[in-house]
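Visitor: So that we are looking at the same thing, I have put the structure below in structure tokens.
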Amino acid sequence: MATVELRFSAQPEHVRTARLVAAAVARRAGVDEAVLDEVRLAVGEACSRAVGLHRSHGIIDPVSVALTEEEKAFSIEVGDSVPGPGGNGAGSGARSVIGGAGGLDEPDPEPDSEAEDEMGLAVISGLVDDVEVRSGANGGVIRMSWPTADAVIRP
């Protein structure tokens, strides 16, 4: 299991770099060429969301991206440092699990950015079948995964 980790300051201009790295690592991991645009768009949306959360909350910590090649899947986790609803020190609480047929029922930690947050999550859930959104005291994570060529070829 190979992992590439990125950390970048919460500046919009760094989102493009994260998208390009994600697409290159996904291609190398064996994600179908037809899906690479979806990977780029989903990573761009998740990173833009994390950057926006950091900037709106005045957080100077970097945004983190972990790209992991597993046996039959390629996964990406985009992390922010904004404490969510479970951020009372009691540990990590799940915000939501979003699937291809699932909805967006999760509460938003900032009511004034609710529409933007829901739109970003809706775009991501439209692009990726396997999405999980978690939030806790140390921040939130959007985890997305795609099958690799090995998963499609081998039953």
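Going through the structure tokens in order, the chains are called A, B, and so on, while each chain numbers its residues from 1 and the ligands are numbered from 1 in the order shown.
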If we count only C-alpha atoms, what is near segment 73-85 of chain A at a cut-off of 7 Å, once residues fewer than 2 positions away on the same chain are taken out, given as a ChimeraX atom specification?

Guide: /A:26,29,46-47,50,53-54,61,63-71,87,109,135-148,151

Visitor: Compare A:Asp117, A:Val43, A:Ala10, A:Lys72 by their minimum atom-to-atom distance to Val131 of chain A, counting only C-alpha atoms, and give me the closest one.

Guide: A:Val43

Visitor: I need the residue nearest Ile60 of chain A from this list: A:Arg40, A:Arg7, A:Leu121, A:Glu132. Use only C-alpha atoms for the distance.

Guide: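 Checking each of A:Arg40, A:Arg7, A:Leu121, A:Glu132 against Ile60 of chain A, counting only C-alpha atoms, the winner is A:Arg7.
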
Visitor: Which value, in Å to one decimal, gives the distance between atom CA of Leu41 of chain A and atom CA of Gly58 of chain A?

Guide: 25.4 Å

Visitor: Just to confirm, what's the straight-line distance from atom CA of Ile124 of chain A to atom CA of Ile59 of chain A in Å (one decimal)?

Guide: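 Atom CA of Ile59 of chain A lies at a distance of 23.3 Å from atom CA of Ile124 of chain A.
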
Visitor: Could you list, as a list in words, every residue within 8 Å of Val15 of chain A, counting only C-alpha atoms and ignoring same-chain residues fewer than 4 positions away?

Guide: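 Selected residues are Gln11, Arg19, Gly44, Cys47 and Ser48 of chain A.
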
Visitor: Quick one: distance from atom CA of Thr17 of chain A to atom CA of Ser56 of chain A in Å, one decimal?

Guide: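 Distance reported for this atom pair: 21.4 Å.
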
Visitor: So which one's closest to Leu20 of chain A, A:Val39, A:Arg134, A:Phe8, A:Val123? Using only C-alpha atoms, please.

Guide: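 Of the candidates, the smallest distance to Leu20 of chain A is held by A:Val39.
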